[in-house]
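Shown below: start.txt, with compact mmCIF, C-alpha atoms (C1' of nucleotides).
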# COMPACT_ATOMS: atom_id res chain seq x y z
CA MET A 1 0.00 0.00 0.00
CA ALA A 2 2.01 2.94 -1.29
CA ASN A 3 -0.57 5.47 -0.22
CA SER A 4 -1.03 4.24 3.31
CA LYS A 5 0.36 7.39 4.86
CA LEU A 6 -1.64 9.70 2.66
CA TYR A 7 -5.12 8.70 3.64
CA LYS A 8 -4.63 9.50 7.29
CA GLY A 9 -7.50 11.63 8.46
CA SER A 10 -9.88 10.74 5.68
CA LEU A 11 -11.06 7.38 6.98
CA ASN A 12 -13.98 8.82 8.94
CA THR A 13 -15.24 10.74 5.95
CA ILE A 14 -14.89 7.69 3.73
CA ILE A 15 -17.03 5.67 6.14
CA LEU A 16 -19.69 8.35 6.25
CA LYS A 17 -19.75 8.63 2.48
CA LEU A 18 -20.13 4.88 2.01
CA LEU A 19 -23.05 4.80 4.41
CA GLU A 20 -24.65 7.78 2.71
CA GLU A 21 -24.81 6.01 -0.60
CA GLN A 22 -25.27 2.43 0.57
CA GLY A 23 -27.74 3.03 3.35
CA LYS A 24 -26.34 0.43 5.71
CA MET A 25 -23.16 -1.59 5.76
CA TYR A 26 -21.08 -3.68 8.11
CA GLY A 27 -17.40 -3.11 8.73
CA TYR A 28 -15.93 -5.94 6.76
CA GLU A 29 -18.14 -4.97 3.84
CA MET A 30 -16.81 -1.39 3.91
CA ALA A 31 -13.22 -2.52 3.68
CA GLN A 32 -14.06 -4.71 0.69
CA LYS A 33 -15.99 -1.93 -0.98
CA VAL A 34 -13.16 0.57 -0.63
CA LYS A 35 -10.67 -1.90 -2.00
CA GLU A 36 -12.96 -2.51 -4.95
CA LEU A 37 -13.71 1.15 -5.62
CA THR A 38 -10.05 2.13 -5.51
CA LYS A 39 -8.89 -0.90 -7.46
CA GLY A 40 -6.84 -2.11 -4.52
CA GLU A 41 -5.17 1.25 -3.95
CA LEU A 42 -6.64 1.87 -0.52
CA ASN A 43 -6.60 -0.93 1.99
CA ILE A 44 -8.47 -0.13 5.18
CA THR A 45 -7.00 -2.18 7.99
CA GLU A 46 -9.24 -3.65 10.64
CA GLY A 47 -7.19 -2.02 13.37
CA ALA A 48 -8.16 1.34 11.95
CA LEU A 49 -11.67 0.53 10.82
CA TYR A 50 -13.32 -0.89 13.91
CA PRO A 51 -12.10 1.75 16.35
CA ALA A 52 -13.20 4.40 13.85
CA LEU A 53 -16.69 2.90 13.70
CA HIS A 54 -16.92 2.78 17.47
CA LYS A 55 -15.86 6.40 17.70
CA LEU A 56 -18.36 7.58 15.11
CA GLU A 57 -21.03 5.68 16.98
CA ALA A 58 -19.98 7.25 20.28
CA GLU A 59 -20.19 10.67 18.63
CA GLY A 60 -23.76 9.97 17.69
CA LEU A 61 -23.18 9.89 13.96
CA LEU A 62 -23.88 6.17 13.50
CA ASP A 63 -26.44 3.68 14.70
CA VAL A 64 -25.70 -0.02 15.00
CA GLU A 65 -27.86 -3.02 14.41
CA VAL A 66 -26.55 -6.50 15.09
CA ALA A 67 -27.48 -9.30 12.73
CA LYS A 68 -26.60 -12.97 12.39
CA VAL A 69 -26.00 -14.31 8.93
CA ASP A 70 -24.87 -17.90 8.36
CA ASN A 71 -24.32 -18.16 12.09
CA ARG A 72 -21.78 -15.32 11.87
CA LEU A 73 -22.05 -11.92 13.53
CA ARG A 74 -22.50 -8.75 11.54
CA LYS A 75 -22.82 -5.20 12.83
CA TYR A 76 -24.73 -3.08 10.42
CA TYR A 77 -24.11 0.64 10.67
CA LYS A 78 -26.23 3.43 9.31
CA LEU A 79 -26.17 7.21 9.60
CA THR A 80 -28.17 8.91 12.32
CA GLU A 81 -29.94 12.15 11.51
CA GLN A 82 -26.99 14.02 12.96
CA GLY A 83 -24.71 11.76 10.96
CA GLU A 84 -26.40 12.75 7.73
CA LYS A 85 -25.81 16.42 8.44
CA GLU A 86 -22.20 15.83 9.43
CA THR A 87 -21.62 13.80 6.30
CA ILE A 88 -22.58 16.74 4.13
CA ASN A 89 -20.11 18.99 5.94
CA ARG A 90 -17.26 16.52 5.94
CA LEU A 91 -17.71 15.65 2.30
CA ALA A 92 -17.58 19.32 1.41
CA GLU A 93 -14.36 19.65 3.39
CA LEU A 94 -12.84 16.60 1.78
CA GLU A 95 -13.74 17.77 -1.70
CA GLU A 96 -12.27 21.19 -0.99
CA PHE A 97 -9.18 19.47 0.36
CA ILE A 98 -8.84 17.41 -2.79
CA ARG A 99 -9.12 20.55 -4.90
CA SER A 100 -6.45 22.23 -2.79
CA MET A 101 -4.14 19.28 -3.25
CA GLN A 102 -4.72 19.34 -6.96
CA ARG A 103 -3.86 23.01 -7.10
CA LEU A 104 -0.66 22.32 -5.22
CA VAL A 105 0.41 19.24 -7.05
CA ASN A 106 -0.94 19.63 -10.52
CA PRO A 107 -2.20 23.14 -11.19
CA ASP A 108 -2.98 22.38 -14.83
CA TRP A 109 -5.20 19.42 -14.14
CA SER A 110 -8.81 20.31 -13.88
CA ILE A 111 -10.58 23.34 -12.56
CA ASN A 112 -13.23 21.68 -10.46
CA MET B 113 -8.42 25.14 9.38
CA ALA B 114 -11.18 22.74 8.49
CA ASN B 115 -8.90 20.37 6.61
CA SER B 116 -6.19 20.14 9.20
CA LYS B 117 -6.70 16.44 9.77
CA LEU B 118 -6.86 15.60 6.10
CA TYR B 119 -3.48 16.65 4.91
CA LYS B 120 -1.64 14.40 7.31
CA GLY B 121 0.93 12.42 5.40
CA SER B 122 1.11 14.71 2.41
CA LEU B 123 3.32 17.42 3.90
CA ASN B 124 6.57 15.82 2.76
CA THR B 125 5.34 15.51 -0.79
CA ILE B 126 4.11 19.10 -0.78
CA ILE B 127 7.55 20.30 0.31
CA LEU B 128 9.25 18.29 -2.42
CA LYS B 129 6.83 19.56 -5.04
CA LEU B 130 7.38 23.19 -4.04
CA LEU B 131 11.13 22.80 -4.28
CA GLU B 132 10.82 21.06 -7.62
CA GLU B 133 9.08 24.02 -9.17
CA GLN B 134 10.66 26.85 -7.21
CA GLY B 135 14.25 25.61 -7.18
CA LYS B 136 15.06 26.76 -3.67
CA MET B 137 12.97 28.02 -0.80
CA TYR B 138 13.18 28.61 2.92
CA GLY B 139 10.71 27.20 5.42
CA TYR B 140 8.73 30.29 6.20
CA GLU B 141 8.40 30.96 2.51
CA MET B 142 6.96 27.50 1.91
CA ALA B 143 4.25 28.00 4.48
CA GLN B 144 3.28 31.33 2.89
CA LYS B 145 3.31 29.82 -0.58
CA VAL B 146 1.04 26.95 0.40
CA LYS B 147 -1.38 29.32 2.08
CA GLU B 148 -1.46 31.43 -1.06
CA LEU B 149 -1.82 28.53 -3.48
CA THR B 150 -4.65 27.00 -1.49
CA LYS B 151 -6.35 30.31 -0.80
CA GLY B 152 -5.86 29.90 2.93
CA GLU B 153 -7.22 26.35 2.95
CA LEU B 154 -4.02 24.65 4.03
CA ASN B 155 -2.06 26.10 6.88
CA ILE B 156 1.27 24.41 7.47
CA THR B 157 2.22 24.85 11.10
CA GLU B 158 5.82 25.52 12.04
CA GLY B 159 5.80 22.60 14.46
CA ALA B 160 5.15 20.31 11.50
CA LEU B 161 7.20 22.10 8.88
CA TYR B 162 10.63 22.44 10.48
CA PRO B 163 10.89 18.86 11.75
CA ALA B 164 9.76 17.67 8.32
CA LEU B 165 12.52 19.70 6.63
CA HIS B 166 15.12 18.32 9.01
CA LYS B 167 13.96 14.81 8.33
CA LEU B 168 14.03 15.21 4.56
CA GLU B 169 17.52 16.62 4.88
CA ALA B 170 18.61 13.70 7.07
CA GLU B 171 17.21 11.34 4.45
CA GLY B 172 19.42 12.96 1.85
CA LEU B 173 16.59 14.42 -0.19
CA LEU B 174 17.35 18.06 0.60
CA ASP B 175 20.42 20.26 0.80
CA VAL B 176 20.58 23.35 3.02
CA GLU B 177 22.27 26.67 2.51
CA VAL B 178 22.18 29.29 5.23
CA ALA B 179 21.77 32.92 4.29
CA LYS B 180 21.39 36.19 6.14
CA VAL B 181 18.92 38.70 4.81
CA ASP B 182 18.18 41.93 6.64
CA ASN B 183 20.14 40.56 9.54
CA ARG B 184 17.69 37.67 9.81
CA LEU B 185 18.48 33.99 9.31
CA ARG B 186 17.16 32.03 6.40
CA LYS B 187 17.74 28.38 5.56
CA TYR B 188 17.34 27.76 1.88
CA TYR B 189 16.50 24.21 0.89
CA LYS B 190 16.86 22.59 -2.49
CA LEU B 191 16.46 19.09 -3.85
CA THR B 192 19.45 16.80 -4.04
CA GLU B 193 19.80 14.51 -7.01
CA GLN B 194 18.23 11.75 -4.97
CA GLY B 195 15.55 14.20 -3.91
CA GLU B 196 14.63 14.88 -7.51
CA LYS B 197 14.12 11.20 -8.17
CA GLU B 198 12.11 10.70 -5.00
CA THR B 199 9.94 13.69 -5.85
CA ILE B 200 8.84 12.06 -9.07
CA ASN B 201 7.82 8.90 -7.25
CA ARG B 202 6.02 10.65 -4.43
CA LEU B 203 4.14 12.95 -6.75
CA ALA B 204 2.96 9.97 -8.74
CA GLU B 205 1.73 8.35 -5.53
CA LEU B 206 -0.02 11.50 -4.40
CA GLU B 207 -1.74 11.96 -7.73
CA GLU B 208 -2.87 8.36 -7.70
CA PHE B 209 -4.13 8.87 -4.16
CA ILE B 210 -6.08 11.95 -5.21
CA ARG B 211 -7.70 10.00 -8.02
CA SER B 212 -8.65 7.23 -5.61
CA MET B 213 -10.22 9.73 -3.27
CA GLN B 214 -12.14 11.26 -6.12
CA ARG B 215 -13.46 7.88 -7.13
CA LEU B 216 -14.59 7.27 -3.56
CA VAL B 217 -16.07 10.64 -2.85
CA ASN B 218 -17.28 11.92 -6.14
CA PRO B 219 -17.32 9.22 -8.81
CA ASP B 220 -18.91 11.50 -11.40
CA TRP B 221 -16.31 14.23 -11.12
CA SER B 222 -13.56 13.92 -13.63
CA ILE B 223 -11.83 10.93 -15.13
CA ASN B 224 -8.25 12.08 -14.84
C1' DT C 225 -7.06 -31.44 7.43
C1' DC C 226 -5.33 -27.24 6.72
C1' DT C 227 -5.73 -22.81 4.66
C1' DT C 228 -8.35 -18.98 3.31
C1' DA C 229 -12.33 -16.09 3.83
C1' DT C 230 -15.61 -13.96 6.77
C1' DG C 231 -16.46 -11.06 10.83
C1' DC C 232 -15.62 -8.92 15.01
C1' DA C 233 -12.25 -6.74 18.69
C1' DT C 234 -8.32 -4.58 21.13
C1' DA C 235 -3.50 -3.58 22.77
C1' DA C 236 1.18 -1.94 21.74
C1' DG C 237 3.80 0.81 19.05
C1' DA C 238 4.93 4.21 15.37
C1' DA C 239 4.10 8.20 12.56
C1' DA C 240 2.80 12.67 11.91
C1' DA C 241 0.49 16.16 13.19
C1' DT C 242 -1.05 20.24 16.87
C1' DT C 243 -0.20 23.15 20.59
C1' DA C 244 2.71 25.61 23.37
C1' DT C 245 6.95 27.56 24.05
C1' DG C 246 11.30 29.91 23.18
C1' DT C 247 14.74 33.02 20.77
C1' DA C 248 15.74 37.03 17.82
C1' DT C 249 15.28 40.91 14.45
C1' DA C 250 12.42 44.18 11.54
C1' DT C 251 8.48 46.77 10.57
C1' DA C 252 4.10 48.89 11.41
C1' DT C 253 0.94 51.00 14.61
C1' DT C 254 -0.64 53.83 18.38
C1' DA D 255 8.61 55.65 22.66
C1' DA D 256 6.02 51.61 23.36
C1' DT D 257 3.64 47.84 21.62
C1' DA D 258 2.02 44.69 18.30
C1' DT D 259 2.71 42.21 14.21
C1' DA D 260 5.58 40.00 10.76
C1' DT D 261 9.61 37.46 9.74
C1' DA D 262 12.46 33.28 10.71
C1' DC D 263 14.12 29.63 13.06
C1' DA D 264 13.64 25.61 16.74
C1' DT D 265 11.92 21.98 19.93
C1' DA D 266 9.29 19.55 23.68
C1' DA D 267 4.86 17.67 25.20
C1' DT D 268 0.78 15.95 23.76
C1' DT D 269 -2.75 14.16 20.69
C1' DT D 270 -4.58 11.95 16.72
C1' DT D 271 -4.60 8.35 13.73
C1' DC D 272 -2.74 4.86 11.85
C1' DT D 273 -0.08 -0.14 11.47
C1' DT D 274 1.09 -4.37 13.32
C1' DA D 275 0.15 -8.07 16.10
C1' DT D 276 -2.88 -10.77 18.42
C1' DG D 277 -7.14 -13.02 19.72
C1' DC D 278 -11.76 -15.38 19.12
C1' DA D 279 -15.14 -17.73 16.22
C1' DT D 280 -17.55 -19.80 12.04
C1' DA D 281 -17.77 -21.19 7.01
C1' DA D 282 -15.96 -22.67 2.79
C1' DG D 283 -12.46 -24.42 -0.23
C1' DA D 284 -8.22 -27.15 -1.37

Rewrite the structure of this file - the entire thing - as structure tokens.
Amino acid sequence: MANSKLYKGSLNTIILKLLEEQGKMYGYEMAQKVKELTKGELNITEGALYPALHKLEAEGLLDVEVAKVDNRLRKYYKLTEQGEKETINRLAELEEFIRSMQRLVNPDWSIN
Amino acid sequence: MANSKLYKGSLNTIILKLLEEQGKMYGYEMAQKVKELTKGELNITEGALYPALHKLEAEGLLDVEVAKVDNRLRKYYKLTEQGEKETINRLAELEEFIRSMQRLVNPDWSIN
DNA sequence: TCTTATGCATAAGAAAATTATGTATATATT
DNA sequence: AATATATACATAATTTTCTTATGCATAAGA
């Protein structure tokens, strides 16, 4: 994972974004989804993912619902009302951040 | 600074990129330049900047040259040969990272 | 049967920032 | 003249956020 250092700080926003578009997901599923969407570029480790989910839950941004599928545990997360509002803010910040990075790194790219 | 958490990990690459295009710069100047280029979005703190410069120097990616201007100290940094090579690699990684983030956050943006 | 995949969790350690200081000179403001 | 702000560096203490390592448990595939 060449980019491992770079995505520091964006994990929470990634989680929120996934839940915004998917409705509800469980942790393992999120990691798979990110790997798929980024063609293996971003690999969310479990040691980062689960604590992040717990923290977002503690902050009141996520709700949990435990399910049992094939005799295995799954914890489905979804956005709370507050979580939906926060997601909008954090996505805006992340997009602005991405634009800033583009301006720094490749000014002639695109003017988004 | 709304994005403060997000740029973690990219500071080193930003420094290298600045030196690649500007030739030589001193620390304070870099911080000003980044603020200007990002329209105040990214604020590099001195507590992050100076240790990062020292580390890049220790790694052999930067050379220093001390100057005195208006009776004030300045430390001009420039890329070493090794630094130039590393810069190319790290910029490629950062650009790939930005694309990944775009795919995650805003799939319909641009296909760079 | 043994490995891989699924699915969660947490502790120890490392990396990379922020925040808070500190030093010193120059310029602008009151 | 005094004070605040800008310039220019530096570092220590702390915090945030990861990685790595470990652990438990079930299902599926080789």

What are the closest atom pairs, with distances in Å to one decimal, for all residues of chain A lying within 10 Å of chain D? Consider only C-alpha atoms (C1' of nucleotides), order rows by chain and residue number, and present the result as CSV.
residue,atom,partner,partner_atom,distance
A:Ser4,CA,D:DC272,C1',8.7
A:Lys5,CA,D:DC272,C1',8.1
A:Tyr7,CA,D:DC272,C1',9.4
A:Lys8,CA,D:DT271,C1',6.5
A:Gly9,CA,D:DT271,C1',6.9
A:Ser10,CA,D:DT271,C1',9.9
A:Leu11,CA,D:DT271,C1',9.4
A:Thr45,CA,D:DT273,C1',8.0
A:Glu46,CA,D:DT273,C1',9.8
A:Gly47,CA,D:DT273,C1',7.6
A:Ala48,CA,D:DC272,C1',6.5
A:Leu49,CA,D:DC272,C1',10.0
A:Ala52,CA,D:DT271,C1',9.5
A:Asp70,CA,D:DA281,C1',7.9
A:Asn71,CA,D:DT280,C1',7.0
A:Arg72,CA,D:DT280,C1',6.2
A:Leu73,CA,D:DT280,C1',9.2

Chain B least-squares fitted onto chain A over all paired Cα atoms, as a tab-separated table (two decimals) with C-alpha atoms, in the coordinates of the input:
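File written: part.tsv
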chain	number	residue	atom	x	y	z
B	113	MET	CA	-0.05	-0.09	-0.03
B	114	ALA	CA	1.88	2.83	-1.41
B	115	ASN	CA	-0.64	5.41	-0.23
B	116	SER	CA	-1.01	4.15	3.29
B	117	LYS	CA	0.36	7.32	4.83
B	118	LEU	CA	-1.70	9.61	2.66
B	119	TYR	CA	-5.19	8.67	3.61
B	120	LYS	CA	-4.68	9.44	7.27
B	121	GLY	CA	-7.50	11.63	8.45
B	122	SER	CA	-9.91	10.78	5.68
B	123	LEU	CA	-11.10	7.41	6.98
B	124	ASN	CA	-14.01	8.85	8.95
B	125	THR	CA	-15.27	10.77	5.96
B	126	ILE	CA	-14.94	7.72	3.73
B	127	ILE	CA	-17.05	5.69	6.15
B	128	LEU	CA	-19.72	8.38	6.26
B	129	LYS	CA	-19.76	8.67	2.48
B	130	LEU	CA	-20.16	4.91	2.02
B	131	LEU	CA	-23.08	4.82	4.42
B	132	GLU	CA	-24.66	7.80	2.73
B	133	GLU	CA	-24.82	6.03	-0.59
B	134	GLN	CA	-25.26	2.45	0.56
B	135	GLY	CA	-27.75	3.03	3.37
B	136	LYS	CA	-26.33	0.43	5.72
B	137	MET	CA	-23.15	-1.58	5.76
B	138	TYR	CA	-21.06	-3.68	8.10
B	139	GLY	CA	-17.37	-3.08	8.73
B	140	TYR	CA	-15.90	-5.90	6.74
B	141	GLU	CA	-18.10	-4.93	3.83
B	142	MET	CA	-16.80	-1.36	3.92
B	143	ALA	CA	-13.21	-2.48	3.68
B	144	GLN	CA	-14.04	-4.68	0.67
B	145	LYS	CA	-16.01	-1.89	-0.98
B	146	VAL	CA	-13.19	0.61	-0.62
B	147	LYS	CA	-10.69	-1.86	-2.02
B	148	GLU	CA	-12.97	-2.45	-4.98
B	149	LEU	CA	-13.74	1.21	-5.63
B	150	THR	CA	-10.08	2.17	-5.51
B	151	LYS	CA	-8.92	-0.84	-7.48
B	152	GLY	CA	-6.86	-2.08	-4.55
B	153	GLU	CA	-5.23	1.30	-3.97
B	154	LEU	CA	-6.68	1.92	-0.54
B	155	ASN	CA	-6.60	-0.85	1.99
B	156	ILE	CA	-8.47	-0.05	5.19
B	157	THR	CA	-6.97	-2.09	8.00
B	158	GLU	CA	-9.21	-3.60	10.64
B	159	GLY	CA	-7.17	-1.97	13.39
B	160	ALA	CA	-8.17	1.41	11.96
B	161	LEU	CA	-11.67	0.58	10.83
B	162	TYR	CA	-13.32	-0.88	13.93
B	163	PRO	CA	-12.11	1.78	16.37
B	164	ALA	CA	-13.22	4.43	13.88
B	165	LEU	CA	-16.72	2.90	13.71
B	166	HIS	CA	-16.95	2.78	17.49
B	167	LYS	CA	-15.91	6.39	17.72
B	168	LEU	CA	-18.41	7.57	15.13
B	169	GLU	CA	-21.09	5.67	16.99
B	170	ALA	CA	-20.04	7.23	20.31
B	171	GLU	CA	-20.24	10.64	18.65
B	172	GLY	CA	-23.83	9.93	17.70
B	173	LEU	CA	-23.22	9.87	13.96
B	174	LEU	CA	-23.91	6.16	13.50
B	175	ASP	CA	-26.47	3.66	14.70
B	176	VAL	CA	-25.71	-0.06	15.01
B	177	GLU	CA	-27.87	-3.08	14.41
B	178	VAL	CA	-26.52	-6.55	15.08
B	179	ALA	CA	-27.42	-9.36	12.73
B	180	LYS	CA	-26.51	-13.01	12.39
B	181	VAL	CA	-25.90	-14.36	8.92
B	182	ASP	CA	-24.73	-17.92	8.35
B	183	ASN	CA	-24.15	-18.16	12.05
B	184	ARG	CA	-21.64	-15.32	11.84
B	185	LEU	CA	-21.94	-11.92	13.50
B	186	ARG	CA	-22.45	-8.77	11.54
B	187	LYS	CA	-22.80	-5.22	12.83
B	188	TYR	CA	-24.72	-3.09	10.41
B	189	TYR	CA	-24.11	0.64	10.66
B	190	LYS	CA	-26.25	3.44	9.33
B	191	LEU	CA	-26.22	7.20	9.59
B	192	THR	CA	-28.22	8.91	12.30
B	193	GLU	CA	-29.97	12.14	11.50
B	194	GLN	CA	-27.03	14.01	12.95
B	195	GLY	CA	-24.75	11.76	10.95
B	196	GLU	CA	-26.44	12.76	7.73
B	197	LYS	CA	-25.85	16.42	8.45
B	198	GLU	CA	-22.24	15.85	9.45
B	199	THR	CA	-21.64	13.83	6.31
B	200	ILE	CA	-22.57	16.78	4.15
B	201	ASN	CA	-20.12	19.02	5.97
B	202	ARG	CA	-17.27	16.54	5.97
B	203	LEU	CA	-17.70	15.71	2.32
B	204	ALA	CA	-17.56	19.38	1.46
B	205	GLU	CA	-14.33	19.69	3.44
B	206	LEU	CA	-12.82	16.64	1.79
B	207	GLU	CA	-13.70	17.85	-1.68
B	208	GLU	CA	-12.22	21.24	-0.92
B	209	PHE	CA	-9.12	19.50	0.39
B	210	ILE	CA	-8.82	17.45	-2.79
B	211	ARG	CA	-9.04	20.60	-4.87
B	212	SER	CA	-6.34	22.23	-2.78
B	213	MET	CA	-4.09	19.25	-3.26
B	214	GLN	CA	-4.70	19.32	-6.97
B	215	ARG	CA	-3.77	22.97	-7.11
B	216	LEU	CA	-0.55	22.21	-5.24
B	217	VAL	CA	0.45	19.10	-7.08
B	218	ASN	CA	-0.93	19.48	-10.52
B	219	PRO	CA	-2.13	23.02	-11.21
B	220	ASP	CA	-2.95	22.27	-14.84
B	221	TRP	CA	-5.20	19.32	-14.11
B	222	SER	CA	-8.81	20.24	-13.87
B	223	ILE	CA	-10.57	23.29	-12.55
B	224	ASN	CA	-13.29	21.62	-10.54

- When you draw a straight line from atom CA of Val34 of chain A to atom CA of Ile210 of chain B, how long is it in Å?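 Atom-to-atom, atom CA of Val34 of chain A to atom CA of Ile210 of chain B, that is 14.2 Å.
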
- Task: Rank A:Ala67, A:Leu79, A:Ile88, A:Ile14 by their smallest atom-to-atom distance to chain B, using all atoms listed in the file, and report the top residue only.
- Result: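 Among the listed residues, the smallest separation from chain B belongs to A:Ile14.
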
- Counting only C-alpha atoms (C1' of nucleotides), chain C residues within 12 Å of chain B, as a list in words: DA239, DA240, DA241, DT242, DT243, DA244, DT245, DA248, DT249, DA250 and DT251 of chain C

Per-residue nearest contacts chain A to chain B, cut-off 12 Å, using all atoms listed in the file, as a tab-separated table:
residue	atom	partner	partner_atom	distance
A:Met1	CA	B:Glu205	CA	10.2
A:Ala2	CA	B:Glu205	CA	6.9
A:Asn3	CA	B:Phe209	CA	6.3
A:Ser4	CA	B:Gly121	CA	8.7
A:Lys5	CA	B:Gly121	CA	5.1
A:Leu6	CA	B:Gly121	CA	4.6
A:Tyr7	CA	B:Gly121	CA	7.3
A:Lys8	CA	B:Lys120	CA	5.7
A:Gly9	CA	B:Leu118	CA	4.7
A:Ser10	CA	B:Leu118	CA	5.7
A:Leu11	CA	B:Leu118	CA	9.3
A:Asn12	CA	B:Leu118	CA	10.2
A:Thr13	CA	B:Val217	CA	8.8
A:Ile14	CA	B:Val217	CA	7.3
A:Ile15	CA	B:Leu216	CA	10.1
A:Leu16	CA	B:Val217	CA	10.1
A:Lys17	CA	B:Val217	CA	6.8
A:Leu18	CA	B:Leu216	CA	8.2
A:Leu19	CA	B:Val217	CA	11.6
A:Glu20	CA	B:Val217	CA	10.6
A:Glu21	CA	B:Val217	CA	10.1
A:Met30	CA	B:Leu216	CA	11.7
A:Lys33	CA	B:Leu216	CA	9.7
A:Val34	CA	B:Leu216	CA	7.5
A:Lys35	CA	B:Ser212	CA	10.0
A:Glu36	CA	B:Leu216	CA	10.0
A:Leu37	CA	B:Leu216	CA	6.5
A:Thr38	CA	B:Ser212	CA	5.3
A:Lys39	CA	B:Ser212	CA	8.3
A:Gly40	CA	B:Ser212	CA	9.6
A:Glu41	CA	B:Ser212	CA	7.1
A:Leu42	CA	B:Ser212	CA	7.7
A:Asn43	CA	B:Ser212	CA	11.3
A:Thr87	CA	B:Val217	CA	11.2
A:Ile88	CA	B:Val217	CA	11.3
A:Asn89	CA	B:Ala114	CA	10.0
A:Arg90	CA	B:Ala114	CA	9.1
A:Leu91	CA	B:Val217	CA	7.4
A:Ala92	CA	B:Val217	CA	9.8
A:Glu93	CA	B:Asn115	CA	6.4
A:Leu94	CA	B:Asn115	CA	7.3
A:Glu95	CA	B:Val217	CA	7.6
A:Glu96	CA	B:Glu153	CA	8.2
A:Phe97	CA	B:Asn115	CA	6.3
A:Ile98	CA	B:Ile210	CA	6.6
A:Arg99	CA	B:Thr150	CA	8.6
A:Ser100	CA	B:Thr150	CA	5.3
A:Met101	CA	B:Ile210	CA	7.8
A:Gln102	CA	B:Ile210	CA	7.7
A:Arg103	CA	B:Leu149	CA	6.9
A:Leu104	CA	B:Leu149	CA	6.6
A:Val105	CA	B:Lys129	CA	6.7
A:Asn106	CA	B:Glu207	CA	8.2
A:Pro107	CA	B:Leu149	CA	9.4
A:Asp108	CA	B:Asn224	CA	11.6
A:Trp109	CA	B:Asn224	CA	8.0
A:Ser110	CA	B:Ser222	CA	8.0
A:Ile111	CA	B:Ser222	CA	9.9
A:Asn112	CA	B:Trp221	CA	8.1

Preceding selection exported with C-alpha atoms as a short mmCIF file (atom, residue, chain, number, x, y, z; two decimals), in the frame of the given file:
data_model
loop_
_atom_site.label_atom_id
_atom_site.label_comp_id
_atom_site.auth_asym_id
_atom_site.auth_seq_id
_atom_site.Cartn_x
_atom_site.Cartn_y
_atom_site.Cartn_z
CA MET A 1 0.00 0.00 0.00
CA ALA A 2 2.01 2.94 -1.29
CA ASN A 3 -0.57 5.47 -0.22
CA SER A 4 -1.03 4.24 3.31
CA LYS A 5 0.36 7.39 4.86
CA LEU A 6 -1.64 9.70 2.66
CA TYR A 7 -5.12 8.70 3.64
CA LYS A 8 -4.63 9.50 7.29
CA GLY A 9 -7.50 11.63 8.46
CA SER A 10 -9.88 10.74 5.68
CA LEU A 11 -11.06 7.38 6.98
CA ASN A 12 -13.98 8.82 8.94
CA THR A 13 -15.24 10.74 5.95
CA ILE A 14 -14.89 7.69 3.73
CA ILE A 15 -17.03 5.67 6.14
CA LEU A 16 -19.69 8.35 6.25
CA LYS A 17 -19.75 8.63 2.48
CA LEU A 18 -20.13 4.88 2.01
CA LEU A 19 -23.05 4.80 4.41
CA GLU A 20 -24.65 7.78 2.71
CA GLU A 21 -24.81 6.01 -0.60
CA MET A 30 -16.81 -1.39 3.91
CA LYS A 33 -15.99 -1.93 -0.98
CA VAL A 34 -13.16 0.57 -0.63
CA LYS A 35 -10.67 -1.90 -2.00
CA GLU A 36 -12.96 -2.51 -4.95
CA LEU A 37 -13.71 1.15 -5.62
CA THR A 38 -10.05 2.13 -5.51
CA LYS A 39 -8.89 -0.90 -7.46
CA GLY A 40 -6.84 -2.11 -4.52
CA GLU A 41 -5.17 1.25 -3.95
CA LEU A 42 -6.64 1.87 -0.52
CA ASN A 43 -6.60 -0.93 1.99
CA THR A 87 -21.62 13.80 6.30
CA ILE A 88 -22.58 16.74 4.13
CA ASN A 89 -20.11 18.99 5.94
CA ARG A 90 -17.26 16.52 5.94
CA LEU A 91 -17.71 15.65 2.30
CA ALA A 92 -17.58 19.32 1.41
CA GLU A 93 -14.36 19.65 3.39
CA LEU A 94 -12.84 16.60 1.78
CA GLU A 95 -13.74 17.77 -1.70
CA GLU A 96 -12.27 21.19 -0.99
CA PHE A 97 -9.18 19.47 0.36
CA ILE A 98 -8.84 17.41 -2.79
CA ARG A 99 -9.12 20.55 -4.90
CA SER A 100 -6.45 22.23 -2.79
CA MET A 101 -4.14 19.28 -3.25
CA GLN A 102 -4.72 19.34 -6.96
CA ARG A 103 -3.86 23.01 -7.10
CA LEU A 104 -0.66 22.32 -5.22
CA VAL A 105 0.41 19.24 -7.05
CA ASN A 106 -0.94 19.63 -10.52
CA PRO A 107 -2.20 23.14 -11.19
CA ASP A 108 -2.98 22.38 -14.83
CA TRP A 109 -5.20 19.42 -14.14
CA SER A 110 -8.81 20.31 -13.88
CA ILE A 111 -10.58 23.34 -12.56
CA ASN A 112 -13.23 21.68 -10.46
#

Once 4 Å is added on each side, what centre and edge lengths in Å to one decimal does the axis-aligned box around all listed atoms of segment 238-250 of chain C have, as lines of an AutoDock Vina configuration file?
center_x = 7.3
center_y = 24.2
center_z = 17.8
size_x = 24.8
size_y = 48.0
size_z = 20.5

- Atomic separation - atom CA of Arg74 of chain A relative to atom C1' of DA236 of chain C, Å: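 Separating atom C1' of DA236 of chain C from atom CA of Arg74 of chain A is a distance of 26.7 Å.
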
- Which value, in Å to one decimal, gives the distance between atom CA of Gln134 of chain B and atom C1' of DT247 of chain C?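 Atom CA of Gln134 of chain B sits 28.9 Å away from atom C1' of DT247 of chain C.
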